[in-house]
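Source file: work-v8.txt; contents: compact mmCIF, C-alpha atoms.
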# COMPACT_ATOMS: atom_id res chain seq x y z
CA MET Z 1 1.01 -18.93 -16.43
CA ARG Z 2 -1.25 -18.90 -13.34
CA ARG Z 3 0.69 -21.86 -11.89
CA LEU Z 4 3.98 -20.02 -12.34
CA TYR Z 5 2.50 -16.92 -10.68
CA LEU Z 6 1.30 -18.94 -7.65
CA LYS Z 7 4.66 -20.69 -7.39
CA LYS Z 8 6.43 -17.31 -7.44
CA GLN Z 9 4.10 -16.04 -4.72
CA LYS Z 10 4.89 -19.03 -2.50
CA SER Z 11 8.59 -18.60 -3.16
CA ASP Z 12 8.46 -14.90 -2.22
CA LYS Z 13 6.47 -15.72 0.93
CA LYS Z 14 9.00 -18.35 2.02
CA ARG Z 15 11.88 -15.95 1.36
CA ASN Z 16 10.19 -13.21 3.39
CA LEU Z 17 9.54 -15.64 6.27
CA ARG Z 18 13.17 -16.75 6.24
CA LEU Z 19 14.31 -13.12 6.23
CA ALA Z 20 11.98 -12.27 9.11
CA GLY Z 21 13.27 -15.28 11.04
CA VAL Z 22 16.88 -14.21 10.56
CA LEU Z 23 16.04 -10.66 11.68
CA PHE Z 24 14.30 -11.92 14.84
CA ILE Z 25 17.27 -14.15 15.64
CA LEU Z 26 19.70 -11.26 15.17
CA LEU Z 27 17.50 -9.03 17.33
CA GLY Z 28 17.39 -11.67 20.04
CA VAL Z 29 21.16 -12.13 19.95
CA GLY Z 30 21.64 -8.36 20.11
CA VAL Z 31 19.36 -8.00 23.16
CA PHE Z 32 21.05 -10.95 24.87
CA LEU Z 33 24.54 -9.56 24.30
CA TYR Z 34 23.47 -6.08 25.41
CA PHE Z 35 22.12 -7.17 28.77
CA PHE Z 36 24.86 -9.71 29.43
CA PHE Z 37 27.73 -7.54 28.23
CA PRO Z 38 28.71 -6.69 31.85
CA ILE Z 39 29.55 -10.37 32.45
CA VAL Z 40 31.41 -10.68 29.16
CA SER Z 41 33.33 -7.44 29.60
CA TYR Z 42 34.22 -8.34 33.18
CA GLN Z 43 35.76 -11.59 31.98
CA LEU Z 44 37.55 -9.83 29.11
CA PHE Z 45 38.86 -6.73 30.86
CA LEU Z 46 38.84 -7.11 34.62
CA THR Z 47 39.43 -10.71 35.73
CA GLY Z 48 43.08 -10.79 34.66
CA GLN Z 49 43.65 -7.18 35.63
CA TYR Z 50 42.48 -7.69 39.22
CA THR Z 51 44.16 -11.04 39.81
CA GLY Z 52 46.84 -10.49 42.45
CA ASN Z 53 45.91 -6.84 43.07
CA LYS Z 54 44.55 -5.56 46.36
CA ILE Z 55 40.95 -4.90 45.39
CA GLU Z 56 38.34 -4.28 48.07
CA VAL Z 57 34.92 -5.89 47.50
CA PRO Z 58 35.76 -7.03 43.96
CA LEU Z 59 33.39 -8.52 41.45
CA PRO Z 60 33.62 -12.29 42.00
CA LYS Z 61 35.79 -14.47 39.75
CA TYR Z 62 32.76 -16.48 38.60
CA LEU Z 63 29.63 -15.63 36.66
CA VAL Z 64 28.22 -12.83 38.77
CA VAL Z 65 24.68 -13.59 37.61
CA ARG Z 66 24.64 -16.28 40.32
CA GLN Z 67 24.63 -13.68 43.09
CA ASN Z 68 21.36 -12.76 44.77
CA ASN Z 69 19.48 -10.17 42.71
CA SER Z 70 22.32 -9.95 40.16
CA PHE Z 71 20.09 -10.90 37.25
CA SER Z 72 17.51 -8.25 38.14
CA SER Z 73 20.25 -5.65 38.65
CA LEU Z 74 21.71 -6.57 35.26
CA ILE Z 75 18.34 -6.05 33.53
CA SER Z 76 17.77 -2.84 35.49
CA SER Z 77 21.19 -1.58 34.41
CA GLY Z 78 20.33 -2.18 30.77
CA VAL Z 79 17.01 -0.37 31.07
CA ASN Z 80 18.63 2.56 32.90
CA SER Z 81 21.28 2.92 30.22
CA LEU Z 82 18.53 3.32 27.63
CA THR Z 83 16.35 5.72 29.63
CA SER Z 84 18.86 7.86 31.58
CA ASP Z 85 21.40 10.45 30.48
CA PHE Z 86 24.71 9.28 31.94
CA THR Z 87 26.58 12.33 30.69
CA ASP Z 88 24.91 13.97 33.72
CA ALA Z 89 26.79 12.85 36.84
CA ARG Z 90 23.65 13.17 38.99
CA ASN Z 91 22.16 10.12 37.27
CA TRP Z 92 25.01 7.83 38.39
CA TYR Z 93 23.53 7.43 41.88
CA PRO Z 94 19.74 7.26 41.47
CA ASN Z 95 19.09 6.80 45.21
CA LEU Z 96 20.96 9.94 46.21
CA THR Z 97 18.62 12.48 47.79
CA GLY Z 98 20.90 15.48 47.30
CA GLN Z 99 22.19 15.73 50.86
CA ALA Z 100 25.79 15.90 49.64
CA GLU Z 101 25.10 19.12 47.79
CA ALA Z 102 24.03 20.89 50.97
CA LYS Z 103 27.46 20.61 52.60
CA ASN Z 104 30.46 22.92 52.52
CA PHE Z 105 29.00 25.78 50.50
CA THR Z 106 30.19 28.17 53.19
CA LYS Z 107 33.75 27.51 52.02
CA GLU Z 108 35.37 29.54 49.27
CA ARG Z 109 34.92 27.60 46.04
CA VAL Z 110 36.86 27.43 42.80
CA ALA Z 111 34.99 26.95 39.53
CA SER Z 112 37.49 24.40 38.20
CA TYR Z 113 40.93 22.90 38.68
CA LEU Z 114 43.25 20.48 36.86
CA LEU Z 115 43.79 16.75 37.39
CA SER Z 116 46.70 14.63 36.14
CA ILE Z 117 47.12 10.85 36.41
CA PRO Z 118 50.51 9.88 34.92
CA ASN Z 119 49.80 6.13 34.70
CA LEU Z 120 46.69 6.86 32.60
CA LYS Z 121 48.49 9.53 30.51
CA ILE Z 122 45.92 12.06 31.71
CA GLU Z 123 47.52 15.51 31.88
CA ASP Z 124 45.79 18.64 33.16
CA ALA Z 125 42.23 17.41 32.64
CA GLN Z 126 39.69 20.02 33.69
CA VAL Z 127 37.51 19.27 36.72
CA SER Z 128 34.38 21.40 37.09
CA THR Z 129 32.94 22.14 40.52
CA VAL Z 130 29.88 24.03 39.25
CA ASP Z 131 28.01 21.63 36.92
CA TYR Z 132 27.51 17.95 36.08
CA ASP Z 133 28.29 17.82 32.34
CA LEU Z 134 30.66 14.86 31.81
CA GLU Z 135 30.91 15.48 28.06
CA LYS Z 136 32.86 18.70 28.62
CA HIS Z 137 35.08 17.87 31.60
CA LEU Z 138 35.46 15.76 34.70
CA VAL Z 139 32.96 16.62 37.42
CA GLN Z 140 33.54 17.11 41.13
CA TYR Z 141 30.33 16.26 42.93
CA LEU Z 142 28.87 19.46 44.36
CA GLY Z 143 29.36 19.86 48.09
CA THR Z 144 32.47 17.69 48.33
CA SER Z 145 35.78 19.23 49.39
CA ILE Z 146 38.31 20.81 47.05
CA PRO Z 147 41.76 19.12 46.75
CA GLY Z 148 44.23 20.59 49.18
CA GLU Z 149 41.69 21.11 51.96
CA ASN Z 150 40.59 18.57 54.54
CA GLY Z 151 37.78 16.40 53.23
CA THR Z 152 37.22 14.32 50.11
CA ALA Z 153 37.04 15.58 46.53
CA VAL Z 154 34.73 13.13 44.72
CA ILE Z 155 35.47 13.26 40.99
CA PHE Z 156 33.32 11.60 38.30
CA GLY Z 157 34.57 10.68 34.83
CA HIS Z 158 33.19 8.77 31.85
CA SER Z 159 34.41 5.34 30.81
CA THR Z 160 33.86 3.16 27.77
CA ILE Z 161 35.48 0.03 26.34
CA PRO Z 162 39.28 0.31 26.75
CA ASN Z 163 39.92 0.14 22.99
CA LEU Z 164 38.33 3.59 22.68
CA PHE Z 165 40.39 5.17 25.47
CA ASN Z 166 41.59 8.68 24.73
CA PRO Z 167 42.96 10.68 27.69
CA LYS Z 168 41.95 13.94 26.01
CA ASN Z 169 38.36 12.90 25.30
CA TYR Z 170 36.11 13.36 28.33
CA LYS Z 171 33.71 10.70 27.04
CA THR Z 172 36.46 8.06 27.30
CA ILE Z 173 38.88 9.57 29.81
CA PHE Z 174 38.43 6.96 32.57
CA ALA Z 175 38.13 3.91 30.28
CA ASN Z 176 41.42 2.52 31.64
CA MET Z 177 40.88 3.48 35.27
CA HIS Z 178 40.70 -0.23 36.15
CA THR Z 179 44.46 -0.43 35.45
CA LEU Z 180 45.33 1.89 38.36
CA LYS Z 181 47.04 0.26 41.33
CA ILE Z 182 47.62 1.06 44.97
CA GLY Z 183 50.64 3.36 45.17
CA ASP Z 184 49.97 5.13 41.83
CA GLU Z 185 49.97 8.93 41.92
CA ILE Z 186 47.32 11.54 41.19
CA TYR Z 187 48.04 15.28 40.90
CA ALA Z 188 45.55 18.11 41.42
CA THR Z 189 46.42 21.73 40.58
CA VAL Z 190 44.17 24.21 42.39
CA ALA Z 191 44.67 27.98 42.12
CA GLY Z 192 48.26 27.46 40.95
CA ILE Z 193 49.19 25.01 43.73
CA LYS Z 194 49.93 21.40 42.73
CA TYR Z 195 49.05 18.62 45.17
CA LYS Z 196 50.36 15.07 45.02
CA TYR Z 197 48.04 12.23 46.08
CA LYS Z 198 48.82 8.51 46.36
CA ILE Z 199 46.23 5.77 45.76
CA PHE Z 200 45.51 3.59 48.79
CA SER Z 201 42.25 1.87 47.85
CA VAL Z 202 40.54 0.41 44.76
CA LEU Z 203 37.06 -1.03 45.12
CA ILE Z 204 33.86 -1.82 43.24
CA THR Z 205 30.43 -0.85 44.59
CA ASP Z 206 26.79 -0.83 43.54
CA PRO Z 207 25.14 2.36 42.25
CA GLU Z 208 22.87 2.22 45.30
CA ASP Z 209 25.86 2.68 47.61
CA THR Z 210 26.28 6.44 48.13
CA ASN Z 211 28.80 6.13 50.96
CA ILE Z 212 31.58 7.11 48.58
CA LEU Z 213 30.25 10.69 48.74
CA SER Z 214 30.82 10.91 52.48
CA GLN Z 215 33.50 13.28 53.78
CA SER Z 216 36.51 12.41 55.98
CA TYR Z 217 37.88 15.62 57.49
CA ASP Z 218 40.94 14.16 59.22
CA HIS Z 219 43.01 14.66 56.04
CA SER Z 220 42.71 15.55 52.34
CA TYR Z 221 41.51 12.81 49.98
CA ILE Z 222 40.51 12.32 46.34
CA THR Z 223 37.93 9.75 45.25
CA LEU Z 224 37.67 8.92 41.54
CA VAL Z 225 34.41 7.37 40.31
CA THR Z 226 33.54 5.73 36.99
CA CYS Z 227 31.27 2.99 35.67
CA THR Z 228 32.48 -0.60 35.45
CA PRO Z 229 32.89 -3.10 33.81
CA PRO Z 230 34.19 -0.89 30.98
CA GLY Z 231 31.47 0.00 28.51
CA THR Z 232 28.64 -0.66 31.00
CA ILE Z 233 26.86 1.22 33.80
CA TRP Z 234 26.38 -1.86 35.98
CA LYS Z 235 28.77 -1.12 38.88
CA ARG Z 236 30.93 1.77 40.10
CA LEU Z 237 34.73 1.60 40.20
CA ILE Z 238 36.09 3.67 43.09
CA VAL Z 239 39.73 4.75 43.41
CA ARG Z 240 40.72 6.57 46.62
CA ALA Z 241 43.91 8.54 47.20
CA THR Z 242 45.38 10.50 50.12
CA LEU Z 243 47.36 13.73 50.04
CA GLU Z 244 51.12 13.25 50.17
CA SER Z 245 52.45 16.76 49.69
CA ALA Z 246 52.23 20.04 47.82
CA VAL Z 247 54.52 20.05 44.78
CA ASN Z 248 56.54 23.14 43.86

If you took the structure in this file and wrote it as structure tokens, what would it be?
Amino acid sequence: MRRLYLKKQKSDKKRNLRLAGVLFILLGVGVFLYFFFPIVSYQLFLTGQYTGNKIEVPLPKYLVVRQNNSFSSLISSGVNSLTSDFTDARNWYPNLTGQAEAKNFTKERVASYLLSIPNLKIEDAQVSTVDYDLEKHLVQYLGTSIPGENGTAVIFGHSTIPNLFNPKNYKTIFANMHTLKIGDEIYATVAGIKYKYKIFSVLITDPEDTNILSQSYDHSYITLVTCTPPGTIWKRLIVRATLESAVN
């Protein structure tokens, strides 16, 4: 009886060790996939999409981990996604010192306006100019110009993996923004006036690059900002459009 008991103990111990080994392997695979998902998602969603399109400063068509500091930025991105609240638009540009917010508050402001992007099936999405809550609406970065006036309206919106795209859900509203092309149209309705904008630039930047918040007062512009590759917070996808006309 004692021999059977000892044999059962050894059997249970081996089974527990095997189970622990499997769990550690699964944990390791999960961590690996999490931190390297930007590379995988880029290959899945963006490489084919951007081939042949006019993209400024695109992610390279090879494993981006070979770039200088790319590995460290990839790890940093993973850590930031776990420790930062990215439903708050202020956390998208950690190096921003707040200088953009100090501009243009002498102008008459509107609390919100509507944005439509026909090629993304986005119709009359609300854009707030008074807070940073991306779960409830799109967010215009405070201090940037309102559509229709000279300057640049910088509008932030959430993205996720394209399979979850829903144009009426603000958590997924910009998931397909990488499909926009130069020449596509964007409409902004402010105080009952509808403005038509046409996209002239699509580019990818680092989160450390805050130049996209700068204002150009020679004309009226819209800049759309979301995270890319889809489902990650690694880079920023920037779509810029210029005012064409007011629509009756």

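Picture a line from atom CA of Z:Asp218 to atom CA of Z:Val130; it runs 24.9 Å.
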
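You can rank Z:Ile25, Z:Ser245, Z:Asn176, Z:Ile238 by their closest distance to Z:Thr210 using all atoms listed in the file, and at the top of that list sits Z:Ile238.
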
Residue contacts of stretch 109-116 of chain Z (7 Å, only C-alpha atoms) excluding same-chain residues fewer than 2 positions away, as JSON, numbers by chain: {"Z": [107, 118, 122, 123, 124, 125, 126, 127, 128, 129, 130, 186, 187, 188, 189, 190]}

Output the selection as a CSV table (one decimal), in the frame of the given file - C-alpha atoms for each residue.
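What follows is the written file selection_19.csv:
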chain,number,residue,atom,x,y,z
Z,107,LYS,CA,33.8,27.5,52.0
Z,118,PRO,CA,50.5,9.9,34.9
Z,122,ILE,CA,45.9,12.1,31.7
Z,123,GLU,CA,47.5,15.5,31.9
Z,124,ASP,CA,45.8,18.6,33.2
Z,125,ALA,CA,42.2,17.4,32.6
Z,126,GLN,CA,39.7,20.0,33.7
Z,127,VAL,CA,37.5,19.3,36.7
Z,128,SER,CA,34.4,21.4,37.1
Z,129,THR,CA,32.9,22.1,40.5
Z,130,VAL,CA,29.9,24.0,39.2
Z,186,ILE,CA,47.3,11.5,41.2
Z,187,TYR,CA,48.0,15.3,40.9
Z,188,ALA,CA,45.6,18.1,41.4
Z,189,THR,CA,46.4,21.7,40.6
Z,190,VAL,CA,44.2,24.2,42.4

Report, in Å with one decimal, the straight-line distance from atom CA of Z:Asp184 to atom CA of Z:Asp133. 26.9 Å

Residue among Z:Ile161, Z:Ala191, Z:Asn166, Z:His219 lying closest to Z:Ile233, counting only C-alpha atoms: Z:Ile161

Using only C-alpha atoms, which of Z:Lys198, Z:Leu23, Z:Val139, Z:Val154 sits nearest Z:Asn211? Z:Val154

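Remark: for Z:Glu244, the closest of the candidate residues Z:Ser220, Z:Ser201, Z:Thr160, Z:Asn150 is Z:Ser220 (distances computed over only C-alpha atoms).
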
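The coordinates place atom CA of Z:Glu208 at 16.1 Å from atom CA of Z:Tyr141.
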
First collect every listed atom of stretch 154-172 of chain Z; then fit an axis-aligned box around them, widen it by 8 Å on each side, and give centre and edge lengths in Å to one decimal, as AutoDock Vina command-line options.
--center_x 38.1 --center_y 7.0 --center_z 33.7 --size_x 25.8 --size_y 29.9 --size_z 38.0

Select stretch 196-211 of chain Z in the preceding structure and write all heavy atoms to a file as a tab-separated table (two decimals), in the first residue's frame.
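Below you can see out.tsv, which holds the result:
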chain	number	residue	atom	x	y	z
Z	196	LYS	N	-16.42	70.88	-46.77
Z	196	LYS	CA	-15.86	69.73	-47.47
Z	196	LYS	C	-14.34	69.85	-47.53
Z	196	LYS	O	-13.80	70.87	-47.99
Z	196	LYS	CB	-16.43	69.66	-48.89
Z	196	LYS	CG	-15.81	68.58	-49.78
Z	196	LYS	CD	-16.39	68.68	-51.19
Z	196	LYS	CE	-15.69	67.75	-52.15
Z	196	LYS	NZ	-16.22	67.89	-53.53
Z	197	TYR	N	-13.65	68.81	-47.05
Z	197	TYR	CA	-12.19	68.75	-47.07
Z	197	TYR	C	-11.76	67.58	-47.96
Z	197	TYR	O	-12.46	66.57	-48.07
Z	197	TYR	CB	-11.64	68.54	-45.67
Z	197	TYR	CG	-11.74	69.76	-44.77
Z	197	TYR	CD1	-12.96	70.12	-44.19
Z	197	TYR	CD2	-10.63	70.54	-44.49
Z	197	TYR	CE1	-13.06	71.23	-43.36
Z	197	TYR	CE2	-10.72	71.65	-43.66
Z	197	TYR	CZ	-11.94	71.99	-43.10
Z	197	TYR	OH	-12.03	73.09	-42.29
Z	198	LYS	N	-10.58	67.72	-48.57
Z	198	LYS	CA	-10.03	66.64	-49.39
Z	198	LYS	C	-8.66	66.25	-48.87
Z	198	LYS	O	-7.81	67.10	-48.59
Z	198	LYS	CB	-9.93	67.07	-50.85
Z	198	LYS	CG	-9.50	65.97	-51.80
Z	198	LYS	CD	-9.69	66.33	-53.26
Z	198	LYS	CE	-11.16	66.30	-53.65
Z	198	LYS	NZ	-11.37	66.47	-55.11
Z	199	ILE	N	-8.44	64.93	-48.72
Z	199	ILE	CA	-7.18	64.42	-48.17
Z	199	ILE	C	-6.04	64.64	-49.17
Z	199	ILE	O	-6.16	64.33	-50.35
Z	199	ILE	CB	-7.31	62.91	-47.85
Z	199	ILE	CG1	-8.33	62.71	-46.72
Z	199	ILE	CG2	-5.95	62.31	-47.47
Z	199	ILE	CD1	-8.67	61.26	-46.44
Z	200	PHE	N	-4.92	65.19	-48.64
Z	200	PHE	CA	-3.75	65.40	-49.50
Z	200	PHE	C	-2.49	64.72	-48.95
Z	200	PHE	O	-1.46	64.71	-49.61
Z	200	PHE	CB	-3.48	66.90	-49.67
Z	200	PHE	CG	-3.02	67.61	-48.42
Z	200	PHE	CD1	-1.68	67.70	-48.10
Z	200	PHE	CD2	-3.95	68.20	-47.57
Z	200	PHE	CE1	-1.26	68.36	-46.95
Z	200	PHE	CE2	-3.54	68.86	-46.42
Z	200	PHE	CZ	-2.19	68.94	-46.11
Z	201	SER	N	-2.57	64.14	-47.76
Z	201	SER	CA	-1.37	63.55	-47.17
Z	201	SER	C	-1.76	62.44	-46.20
Z	201	SER	O	-2.70	62.57	-45.42
Z	201	SER	CB	-0.57	64.62	-46.42
Z	201	SER	OG	0.50	64.05	-45.70
Z	202	VAL	N	-1.03	61.32	-46.28
Z	202	VAL	CA	-1.16	60.21	-45.32
Z	202	VAL	C	0.25	59.84	-44.88
Z	202	VAL	O	1.11	59.58	-45.72
Z	202	VAL	CB	-1.85	58.98	-45.97
Z	202	VAL	CG1	-1.97	57.85	-44.94
Z	202	VAL	CG2	-3.21	59.35	-46.53
Z	203	LEU	N	0.51	59.85	-43.59
Z	203	LEU	CA	1.85	59.55	-43.12
Z	203	LEU	C	1.81	58.84	-41.78
Z	203	LEU	O	0.79	58.83	-41.09
Z	203	LEU	CB	2.70	60.81	-43.01
Z	203	LEU	CG	2.24	61.90	-42.04
Z	203	LEU	CD1	3.44	62.59	-41.42
Z	203	LEU	CD2	1.39	62.94	-42.77
Z	204	ILE	N	2.92	58.25	-41.41
Z	204	ILE	CA	3.08	57.55	-40.13
Z	204	ILE	C	4.22	58.20	-39.37
Z	204	ILE	O	5.30	58.43	-39.93
Z	204	ILE	CB	3.35	56.06	-40.34
Z	204	ILE	CG1	2.12	55.39	-40.98
Z	204	ILE	CG2	3.68	55.37	-39.03
Z	204	ILE	CD1	2.31	53.96	-41.38
Z	205	THR	N	3.99	58.51	-38.09
Z	205	THR	CA	5.00	59.17	-37.28
Z	205	THR	C	5.16	58.44	-35.95
Z	205	THR	O	4.35	57.59	-35.58
Z	205	THR	CB	4.64	60.63	-37.02
Z	205	THR	OG1	3.45	60.68	-36.22
Z	205	THR	CG2	4.40	61.39	-38.32
Z	206	ASP	N	6.18	58.84	-35.21
Z	206	ASP	CA	6.39	58.32	-33.85
Z	206	ASP	C	5.57	59.13	-32.86
Z	206	ASP	O	5.26	60.31	-33.10
Z	206	ASP	CB	7.87	58.41	-33.48
Z	206	ASP	CG	8.73	57.46	-34.29
Z	206	ASP	OD1	8.28	56.32	-34.53
Z	206	ASP	OD2	9.84	57.85	-34.70
Z	207	PRO	N	5.24	58.55	-31.70
Z	207	PRO	CA	4.50	59.31	-30.69
Z	207	PRO	C	5.30	60.46	-30.11
Z	207	PRO	O	4.74	61.35	-29.47
Z	207	PRO	CB	4.18	58.27	-29.60
Z	207	PRO	CG	4.82	57.00	-30.00
Z	207	PRO	CD	5.40	57.13	-31.36
Z	208	GLU	N	6.62	60.46	-30.33
Z	208	GLU	CA	7.45	61.56	-29.83
Z	208	GLU	C	7.38	62.78	-30.75
Z	208	GLU	O	7.81	63.87	-30.38
Z	208	GLU	CB	8.91	61.11	-29.71
Z	208	GLU	CG	9.17	60.07	-28.64
Z	208	GLU	CD	8.72	58.67	-29.03
Z	208	GLU	OE1	8.66	58.39	-30.26
Z	208	GLU	OE2	8.40	57.86	-28.14
Z	209	ASP	N	6.84	62.60	-31.96
Z	209	ASP	CA	6.78	63.68	-32.93
Z	209	ASP	C	5.48	64.46	-32.74
Z	209	ASP	O	4.40	64.01	-33.13
Z	209	ASP	CB	6.86	63.12	-34.35
Z	209	ASP	CG	6.84	64.19	-35.41
Z	209	ASP	OD1	6.81	65.39	-35.05
Z	209	ASP	OD2	6.87	63.85	-36.61
Z	210	THR	N	5.57	65.65	-32.13
Z	210	THR	CA	4.37	66.45	-31.85
Z	210	THR	C	4.15	67.54	-32.91
Z	210	THR	O	3.31	68.42	-32.72
Z	210	THR	CB	4.49	67.11	-30.46
Z	210	THR	OG1	5.67	67.93	-30.43
Z	210	THR	CG2	4.58	66.05	-29.37
Z	211	ASN	N	4.89	67.47	-34.01
Z	211	ASN	CA	4.74	68.49	-35.05
Z	211	ASN	C	3.36	68.48	-35.68
Z	211	ASN	O	2.93	69.49	-36.25
Z	211	ASN	CB	5.79	68.29	-36.15
Z	211	ASN	CG	7.18	68.66	-35.68
Z	211	ASN	OD1	7.35	69.58	-34.88
Z	211	ASN	ND2	8.18	67.93	-36.15
